[in-house]
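Trainee: So that you have it, the file is work_38.cif, and it contains mmCIF, N, CA and C atoms:
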data_query
#
loop_
_atom_site.label_atom_id
_atom_site.label_comp_id
_atom_site.auth_asym_id
_atom_site.auth_seq_id
_atom_site.Cartn_x
_atom_site.Cartn_y
_atom_site.Cartn_z
N GLN A 196 -111.06 30.71 103.64
CA GLN A 196 -110.82 29.77 104.72
C GLN A 196 -109.89 28.67 104.23
N VAL A 197 -108.81 28.46 104.97
CA VAL A 197 -107.83 27.45 104.59
C VAL A 197 -108.29 26.09 105.07
N GLN A 198 -108.19 25.12 104.18
CA GLN A 198 -108.56 23.76 104.53
C GLN A 198 -107.56 22.79 103.91
N LEU A 199 -107.11 21.84 104.72
CA LEU A 199 -106.27 20.74 104.24
C LEU A 199 -107.02 19.44 104.53
N VAL A 200 -107.13 18.60 103.51
CA VAL A 200 -107.86 17.35 103.66
C VAL A 200 -106.97 16.19 103.24
N GLU A 201 -106.67 15.32 104.21
CA GLU A 201 -105.87 14.13 103.92
C GLU A 201 -106.78 12.99 103.48
N SER A 202 -106.23 12.13 102.65
CA SER A 202 -106.94 10.91 102.25
C SER A 202 -105.91 9.85 101.87
N GLY A 203 -106.40 8.62 101.73
CA GLY A 203 -105.52 7.54 101.28
C GLY A 203 -105.08 6.58 102.35
N GLY A 204 -105.45 6.85 103.59
CA GLY A 204 -105.07 5.95 104.66
C GLY A 204 -105.83 4.63 104.57
N GLY A 205 -105.40 3.67 105.37
CA GLY A 205 -106.06 2.38 105.38
C GLY A 205 -105.22 1.32 106.04
N LEU A 206 -105.61 0.08 105.82
CA LEU A 206 -104.90 -1.08 106.37
C LEU A 206 -104.00 -1.66 105.30
N VAL A 207 -102.74 -1.90 105.64
CA VAL A 207 -101.78 -2.45 104.69
C VAL A 207 -100.91 -3.47 105.43
N GLN A 208 -100.46 -4.46 104.70
CA GLN A 208 -99.59 -5.48 105.31
C GLN A 208 -98.16 -4.96 105.41
N PRO A 209 -97.40 -5.48 106.35
CA PRO A 209 -95.98 -5.09 106.44
C PRO A 209 -95.27 -5.33 105.10
N GLY A 210 -94.44 -4.37 104.73
CA GLY A 210 -93.77 -4.42 103.44
C GLY A 210 -94.55 -3.78 102.31
N GLY A 211 -95.78 -3.42 102.57
CA GLY A 211 -96.62 -2.82 101.54
C GLY A 211 -96.41 -1.32 101.40
N SER A 212 -97.21 -0.73 100.52
CA SER A 212 -97.08 0.70 100.19
C SER A 212 -98.44 1.38 100.26
N LEU A 213 -98.39 2.67 100.52
CA LEU A 213 -99.58 3.52 100.49
C LEU A 213 -99.19 4.89 99.99
N ARG A 214 -100.13 5.57 99.38
CA ARG A 214 -99.95 6.98 99.02
C ARG A 214 -101.03 7.79 99.72
N LEU A 215 -100.60 8.74 100.50
CA LEU A 215 -101.50 9.68 101.14
C LEU A 215 -101.54 10.97 100.34
N SER A 216 -102.71 11.58 100.29
CA SER A 216 -102.88 12.86 99.62
C SER A 216 -103.26 13.93 100.62
N CYS A 217 -102.89 15.15 100.31
CA CYS A 217 -103.25 16.32 101.12
C CYS A 217 -103.73 17.39 100.16
N ALA A 218 -105.04 17.53 100.05
CA ALA A 218 -105.63 18.51 99.14
C ALA A 218 -105.87 19.81 99.87
N ALA A 219 -105.37 20.89 99.29
CA ALA A 219 -105.47 22.20 99.94
C ALA A 219 -106.50 23.07 99.24
N SER A 220 -107.19 23.89 100.02
CA SER A 220 -108.06 24.92 99.48
C SER A 220 -107.88 26.17 100.34
N GLY A 221 -108.10 27.32 99.71
CA GLY A 221 -107.94 28.58 100.43
C GLY A 221 -106.52 29.12 100.44
N ILE A 222 -105.58 28.33 99.96
CA ILE A 222 -104.19 28.78 99.82
C ILE A 222 -103.64 28.22 98.52
N THR A 223 -102.58 28.86 98.01
CA THR A 223 -101.83 28.32 96.88
C THR A 223 -100.70 27.50 97.48
N LEU A 224 -100.87 26.20 97.43
CA LEU A 224 -100.01 25.31 98.20
C LEU A 224 -98.54 25.44 97.82
N ASP A 225 -98.24 25.75 96.54
CA ASP A 225 -96.82 25.75 96.16
C ASP A 225 -96.07 26.97 96.66
N LEU A 226 -96.77 27.88 97.35
CA LEU A 226 -96.09 28.98 98.03
C LEU A 226 -95.67 28.60 99.44
N TYR A 227 -96.15 27.46 99.90
CA TYR A 227 -95.98 27.06 101.30
C TYR A 227 -95.06 25.87 101.45
N THR A 228 -94.42 25.79 102.62
CA THR A 228 -93.79 24.56 103.05
C THR A 228 -94.89 23.56 103.40
N ILE A 229 -94.71 22.33 102.97
CA ILE A 229 -95.67 21.28 103.31
C ILE A 229 -94.97 20.23 104.15
N GLY A 230 -95.59 19.87 105.25
CA GLY A 230 -95.00 18.87 106.14
C GLY A 230 -95.97 17.74 106.40
N TRP A 231 -95.41 16.58 106.68
CA TRP A 231 -96.21 15.42 107.09
C TRP A 231 -95.79 15.03 108.51
N PHE A 232 -96.79 14.73 109.32
CA PHE A 232 -96.59 14.36 110.72
C PHE A 232 -97.39 13.09 110.98
N ARG A 233 -97.05 12.44 112.07
CA ARG A 233 -97.86 11.28 112.48
C ARG A 233 -97.89 11.20 114.00
N GLN A 234 -98.95 10.57 114.49
CA GLN A 234 -99.09 10.37 115.93
C GLN A 234 -99.61 8.97 116.18
N ALA A 235 -98.79 8.17 116.83
CA ALA A 235 -99.18 6.81 117.19
C ALA A 235 -99.85 6.84 118.57
N PRO A 236 -100.65 5.85 118.87
CA PRO A 236 -101.33 5.82 120.17
C PRO A 236 -100.33 5.90 121.32
N GLY A 237 -100.61 6.81 122.24
CA GLY A 237 -99.76 6.95 123.41
C GLY A 237 -98.44 7.65 123.17
N LYS A 238 -98.24 8.16 121.96
CA LYS A 238 -96.98 8.83 121.64
C LYS A 238 -97.23 10.27 121.22
N GLU A 239 -96.18 11.06 121.26
CA GLU A 239 -96.28 12.44 120.81
C GLU A 239 -96.28 12.50 119.29
N ARG A 240 -96.82 13.60 118.78
CA ARG A 240 -96.81 13.80 117.33
C ARG A 240 -95.38 13.95 116.85
N GLU A 241 -95.07 13.31 115.73
CA GLU A 241 -93.72 13.26 115.18
C GLU A 241 -93.72 13.84 113.78
N GLY A 242 -92.84 14.80 113.53
CA GLY A 242 -92.66 15.29 112.18
C GLY A 242 -91.79 14.33 111.41
N ILE A 243 -92.23 13.93 110.20
CA ILE A 243 -91.49 12.91 109.46
C ILE A 243 -90.90 13.42 108.16
N LEU A 244 -91.55 14.36 107.51
CA LEU A 244 -91.08 14.85 106.22
C LEU A 244 -91.55 16.27 106.02
N THR A 245 -90.72 17.09 105.39
CA THR A 245 -91.19 18.39 105.00
C THR A 245 -90.49 18.83 103.73
N MET A 246 -91.18 19.62 102.94
CA MET A 246 -90.61 20.14 101.69
C MET A 246 -90.90 21.63 101.60
N ARG A 247 -89.88 22.39 101.36
CA ARG A 247 -90.05 23.82 101.18
C ARG A 247 -90.62 24.10 99.79
N SER A 248 -91.19 25.28 99.66
CA SER A 248 -91.72 25.71 98.38
C SER A 248 -90.60 25.87 97.37
N LYS A 249 -90.88 25.47 96.10
CA LYS A 249 -89.91 25.69 95.03
C LYS A 249 -90.09 27.07 94.42
N ARG A 250 -91.21 27.73 94.71
CA ARG A 250 -91.44 29.07 94.18
C ARG A 250 -90.79 30.14 95.05
N THR A 251 -90.85 29.96 96.35
CA THR A 251 -90.33 30.97 97.26
C THR A 251 -89.00 30.56 97.90
N SER A 252 -88.61 29.31 97.66
CA SER A 252 -87.36 28.81 98.23
C SER A 252 -86.77 27.77 97.26
N ASP A 253 -86.03 26.83 97.79
CA ASP A 253 -85.31 25.91 96.91
C ASP A 253 -85.88 24.50 96.89
N GLY A 254 -87.05 24.32 97.52
CA GLY A 254 -87.66 23.00 97.51
C GLY A 254 -86.95 21.98 98.36
N SER A 255 -86.11 22.42 99.29
CA SER A 255 -85.37 21.48 100.14
C SER A 255 -86.33 20.56 100.89
N THR A 256 -85.87 19.34 101.08
CA THR A 256 -86.67 18.33 101.78
C THR A 256 -85.91 17.86 103.02
N TYR A 257 -86.65 17.64 104.09
CA TYR A 257 -86.07 17.18 105.35
C TYR A 257 -86.82 15.93 105.79
N TYR A 258 -86.06 14.95 106.24
CA TYR A 258 -86.64 13.66 106.61
C TYR A 258 -86.26 13.30 108.05
N ALA A 259 -87.20 12.67 108.74
CA ALA A 259 -86.86 12.04 110.00
C ALA A 259 -86.13 10.72 109.71
N ASP A 260 -85.21 10.34 110.56
CA ASP A 260 -84.46 9.10 110.33
C ASP A 260 -85.37 7.88 110.23
N SER A 261 -86.49 7.93 110.92
CA SER A 261 -87.39 6.78 110.96
C SER A 261 -88.01 6.46 109.61
N VAL A 262 -88.02 7.42 108.70
CA VAL A 262 -88.67 7.19 107.39
C VAL A 262 -87.72 7.36 106.21
N LYS A 263 -86.50 7.77 106.47
CA LYS A 263 -85.55 8.03 105.39
C LYS A 263 -85.33 6.77 104.57
N GLY A 264 -85.40 6.93 103.25
CA GLY A 264 -85.22 5.80 102.35
C GLY A 264 -86.49 5.02 102.06
N ARG A 265 -87.55 5.31 102.80
CA ARG A 265 -88.82 4.59 102.60
C ARG A 265 -89.96 5.52 102.19
N PHE A 266 -89.98 6.73 102.71
CA PHE A 266 -91.06 7.68 102.44
C PHE A 266 -90.53 8.83 101.56
N THR A 267 -91.39 9.30 100.67
CA THR A 267 -91.04 10.48 99.87
C THR A 267 -92.23 11.44 99.83
N ILE A 268 -91.93 12.69 99.63
CA ILE A 268 -92.94 13.75 99.57
C ILE A 268 -92.89 14.38 98.19
N SER A 269 -94.06 14.74 97.67
CA SER A 269 -94.12 15.38 96.37
C SER A 269 -95.31 16.32 96.33
N ARG A 270 -95.36 17.11 95.27
CA ARG A 270 -96.47 18.06 95.09
C ARG A 270 -96.99 17.96 93.66
N ASP A 271 -98.27 18.25 93.51
CA ASP A 271 -98.86 18.48 92.20
C ASP A 271 -99.47 19.87 92.28
N ASN A 272 -98.76 20.85 91.77
CA ASN A 272 -99.21 22.24 91.91
C ASN A 272 -100.50 22.49 91.15
N ALA A 273 -100.68 21.83 90.03
CA ALA A 273 -101.91 22.02 89.27
C ALA A 273 -103.14 21.55 90.06
N GLU A 274 -102.94 20.54 90.90
CA GLU A 274 -104.03 20.01 91.72
C GLU A 274 -104.06 20.62 93.12
N ASN A 275 -103.07 21.46 93.40
CA ASN A 275 -102.96 22.07 94.75
C ASN A 275 -102.95 20.98 95.83
N THR A 276 -102.19 19.95 95.54
CA THR A 276 -102.19 18.75 96.39
C THR A 276 -100.75 18.30 96.65
N ALA A 277 -100.52 17.80 97.84
CA ALA A 277 -99.24 17.19 98.18
C ALA A 277 -99.47 15.71 98.46
N TYR A 278 -98.39 14.95 98.33
CA TYR A 278 -98.48 13.50 98.49
C TYR A 278 -97.39 13.00 99.42
N LEU A 279 -97.71 11.91 100.09
CA LEU A 279 -96.73 11.18 100.88
C LEU A 279 -96.76 9.74 100.38
N ASP A 280 -95.67 9.33 99.74
CA ASP A 280 -95.55 7.96 99.28
C ASP A 280 -94.77 7.16 100.30
N MET A 281 -95.40 6.09 100.78
CA MET A 281 -94.82 5.29 101.85
C MET A 281 -94.57 3.88 101.33
N ASN A 282 -93.33 3.45 101.40
CA ASN A 282 -92.96 2.12 100.94
C ASN A 282 -92.34 1.32 102.08
N ASN A 283 -92.33 0.01 101.90
CA ASN A 283 -91.76 -0.89 102.90
C ASN A 283 -92.30 -0.57 104.30
N LEU A 284 -93.60 -0.50 104.38
CA LEU A 284 -94.23 -0.11 105.64
C LEU A 284 -94.01 -1.16 106.72
N LYS A 285 -93.88 -0.67 107.95
CA LYS A 285 -93.63 -1.51 109.10
C LYS A 285 -94.75 -1.31 110.12
N PRO A 286 -94.97 -2.27 111.00
CA PRO A 286 -96.01 -2.09 112.02
C PRO A 286 -95.82 -0.81 112.83
N GLU A 287 -94.59 -0.42 113.06
CA GLU A 287 -94.35 0.80 113.85
C GLU A 287 -94.70 2.08 113.08
N ASP A 288 -95.06 1.97 111.80
CA ASP A 288 -95.56 3.13 111.06
C ASP A 288 -97.04 3.38 111.31
N THR A 289 -97.69 2.49 112.03
CA THR A 289 -99.10 2.67 112.35
C THR A 289 -99.31 3.94 113.15
N ALA A 290 -100.17 4.82 112.64
CA ALA A 290 -100.40 6.12 113.28
C ALA A 290 -101.49 6.86 112.51
N ILE A 291 -101.91 7.97 113.08
CA ILE A 291 -102.71 8.94 112.32
C ILE A 291 -101.72 9.88 111.65
N TYR A 292 -101.88 10.08 110.36
CA TYR A 292 -100.98 10.92 109.58
C TYR A 292 -101.67 12.24 109.26
N TYR A 293 -100.92 13.32 109.45
CA TYR A 293 -101.41 14.67 109.24
C TYR A 293 -100.52 15.41 108.25
N CYS A 294 -101.13 16.24 107.42
CA CYS A 294 -100.33 17.20 106.66
C CYS A 294 -100.52 18.59 107.29
N ALA A 295 -99.54 19.42 107.05
CA ALA A 295 -99.57 20.76 107.62
C ALA A 295 -98.78 21.69 106.71
N THR A 296 -99.09 22.98 106.76
CA THR A 296 -98.38 23.95 105.94
C THR A 296 -97.90 25.12 106.78
N GLY A 297 -96.82 25.70 106.31
CA GLY A 297 -96.28 26.89 106.94
C GLY A 297 -95.72 27.80 105.86
N LEU A 298 -95.80 29.11 106.10
CA LEU A 298 -95.25 30.09 105.16
C LEU A 298 -93.95 30.60 105.76
N TRP A 299 -92.84 30.06 105.27
CA TRP A 299 -91.55 30.35 105.85
C TRP A 299 -90.75 31.33 105.00
N LEU A 300 -90.16 32.31 105.63
CA LEU A 300 -89.19 33.16 104.95
C LEU A 300 -87.83 32.47 104.93
N LEU A 301 -87.49 31.87 106.04
CA LEU A 301 -86.25 31.13 106.19
C LEU A 301 -86.55 29.75 106.75
N THR A 302 -85.69 28.79 106.49
CA THR A 302 -85.86 27.47 107.07
C THR A 302 -85.54 27.55 108.57
N PRO A 303 -86.46 27.12 109.43
CA PRO A 303 -86.18 27.16 110.87
C PRO A 303 -85.14 26.10 111.25
N GLN A 304 -84.61 26.24 112.45
CA GLN A 304 -83.62 25.27 112.92
C GLN A 304 -84.22 23.89 113.10
N THR A 305 -85.50 23.84 113.37
CA THR A 305 -86.19 22.57 113.56
C THR A 305 -87.34 22.49 112.56
N PRO A 306 -87.06 22.17 111.29
CA PRO A 306 -88.11 22.19 110.27
C PRO A 306 -89.20 21.14 110.46
N LEU A 307 -88.97 20.15 111.32
CA LEU A 307 -89.98 19.13 111.56
C LEU A 307 -90.73 19.35 112.87
N ALA A 308 -90.58 20.53 113.45
CA ALA A 308 -91.29 20.85 114.69
C ALA A 308 -92.70 21.33 114.39
N SER A 309 -93.66 20.83 115.13
CA SER A 309 -95.07 21.15 114.89
C SER A 309 -95.35 22.65 114.94
N ASN A 310 -94.66 23.36 115.83
CA ASN A 310 -94.99 24.76 116.01
C ASN A 310 -94.53 25.65 114.87
N GLU A 311 -93.87 25.07 113.86
CA GLU A 311 -93.46 25.85 112.70
C GLU A 311 -94.55 25.86 111.62
N TYR A 312 -95.68 25.23 111.88
CA TYR A 312 -96.73 25.08 110.89
C TYR A 312 -98.01 25.76 111.36
N ASP A 313 -98.73 26.34 110.40
CA ASP A 313 -99.88 27.17 110.73
C ASP A 313 -101.21 26.47 110.49
N TYR A 314 -101.30 25.67 109.44
CA TYR A 314 -102.56 25.03 109.07
C TYR A 314 -102.38 23.52 109.08
N TRP A 315 -103.42 22.84 109.55
CA TRP A 315 -103.36 21.38 109.73
C TRP A 315 -104.59 20.71 109.16
N GLY A 316 -104.39 19.51 108.64
CA GLY A 316 -105.51 18.69 108.24
C GLY A 316 -106.06 17.91 109.42
N GLN A 317 -107.09 17.13 109.16
CA GLN A 317 -107.77 16.41 110.22
C GLN A 317 -107.15 15.04 110.50
N GLY A 318 -106.31 14.58 109.59
CA GLY A 318 -105.62 13.31 109.78
C GLY A 318 -106.28 12.15 109.07
N THR A 319 -105.46 11.15 108.76
CA THR A 319 -105.96 9.91 108.17
C THR A 319 -105.22 8.74 108.82
N GLN A 320 -105.95 7.69 109.12
CA GLN A 320 -105.38 6.55 109.84
C GLN A 320 -104.65 5.61 108.90
N VAL A 321 -103.45 5.25 109.29
CA VAL A 321 -102.68 4.22 108.59
C VAL A 321 -102.39 3.10 109.58
N THR A 322 -102.78 1.89 109.21
CA THR A 322 -102.54 0.72 110.06
C THR A 322 -101.74 -0.30 109.27
N VAL A 323 -100.61 -0.70 109.83
CA VAL A 323 -99.74 -1.69 109.18
C VAL A 323 -99.79 -2.96 110.02
N SER A 324 -100.42 -3.98 109.47
CA SER A 324 -100.62 -5.21 110.23
C SER A 324 -100.88 -6.36 109.28
N SER A 325 -100.45 -7.54 109.70
CA SER A 325 -100.73 -8.74 108.91
C SER A 325 -102.01 -9.42 109.41
#
How does this structure look as structure tokens?

Mentor:
Amino acid sequence: QVQLVESGGGLVQPGGSLRLSCAASGITLDLYTIGWFRQAPGKEREGILTMRSKRTSDGSTYYADSVKGRFTISRDNAENTAYLDMNNLKPEDTAIYYCATGLWLLTPQTPLASNEYDYWGQGTQVTVSS
């Protein structure tokens, strides 16, 4: 049974940083594309970052403009865990953050689209407020 568990969310002041974790079980995470998504109240879910597998592909990373230069994605294959490092957080980053995985043969035309991912975590809340 595949399970993704996010952690690390919380309350942070504007300009602050957080690291979210996505621990996987039931799959070997480094074979999969890992993506991070978020959903703010009253808004649709938004894909913000994704990284292809370095074992089955080239490890390419794709960013939404809203987070480029502030957020980064990484993996720890030994821990079967992915990370989202968020810096210079803004109030508009407030949302529930989700990780998701997909097993891609080729990079889709829309790598940040939700329907390209098969497994999802339950989400973790990030609130940016003073």

Trainee: Considering only C-alpha atoms, return as a PyMOL selection string whatever protein or nucleic-acid residues lie within 7 Å of segment 210-212 of chain A, sequence-local ones (same chain, fewer than 5 positions apart) excluded.

Mentor: chain A and resi 281-285

Trainee: Applying the PyMOL selection byres (((chain A and resi 321 and name CA) around 9) and name CA) to the file I just gave you, which residues come out? Please list them as number ranges by chain.

Mentor: A: 203-207, 213, 288-292, 319-320, 322-323

Trainee: What does the structure give for the distance between atom C of Thr251 of chain A and atom N of Ile229 of chain A, in Å to one decimal?

Mentor: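 According to the coordinates, atom C of Thr251 of chain A and atom N of Ile229 of chain A are separated by 11.2 Å.
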
Trainee: Expand the PyMOL selection byres ((chain A and resi 266) around 6) into the individual residues it matches in the shown file, reporting them as a list in words.

Mentor: Val262, Lys263, Gly264, Arg265, Thr267, Ile268, Asp280, Met281 and Asn282 of chain A

Trainee: As JSON, numbers by chain, which residues of segment 200-293 of chain A does DSSP assign to strand (DSSP E)?

Mentor: {"A": [200, 201, 202, 205, 206, 207, 213, 214, 215, 216, 217, 218, 219, 220, 228, 229, 230, 231, 232, 233, 234, 241, 242, 243, 244, 245, 246, 256, 257, 258, 266, 267, 268, 269, 270, 271, 276, 277, 278, 279, 280, 281, 290, 291, 292, 293]}

Trainee: Work out how far apart atom CA of Arg233 of chain A and atom CA of Ser269 of chain A are and give it in Å to one decimal.

Mentor: 17.0 Å

Trainee: So what do you get for atom C of Arg214 of chain A versus atom N of Ser202 of chain A, distance-wise?

Mentor: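 Atom-to-atom, atom C of Arg214 of chain A to atom N of Ser202 of chain A, that is 7.4 Å.
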
Trainee: For Ile222 of chain A, please output as an MDAnalysis selection string all residues within 12 Å (counting only C-alpha atoms; exclusion window: fewer than 3 positions along the same chain).

Mentor: chainID A and resid 196:199 218:219 225:229 272 274:276 296:298 313:314
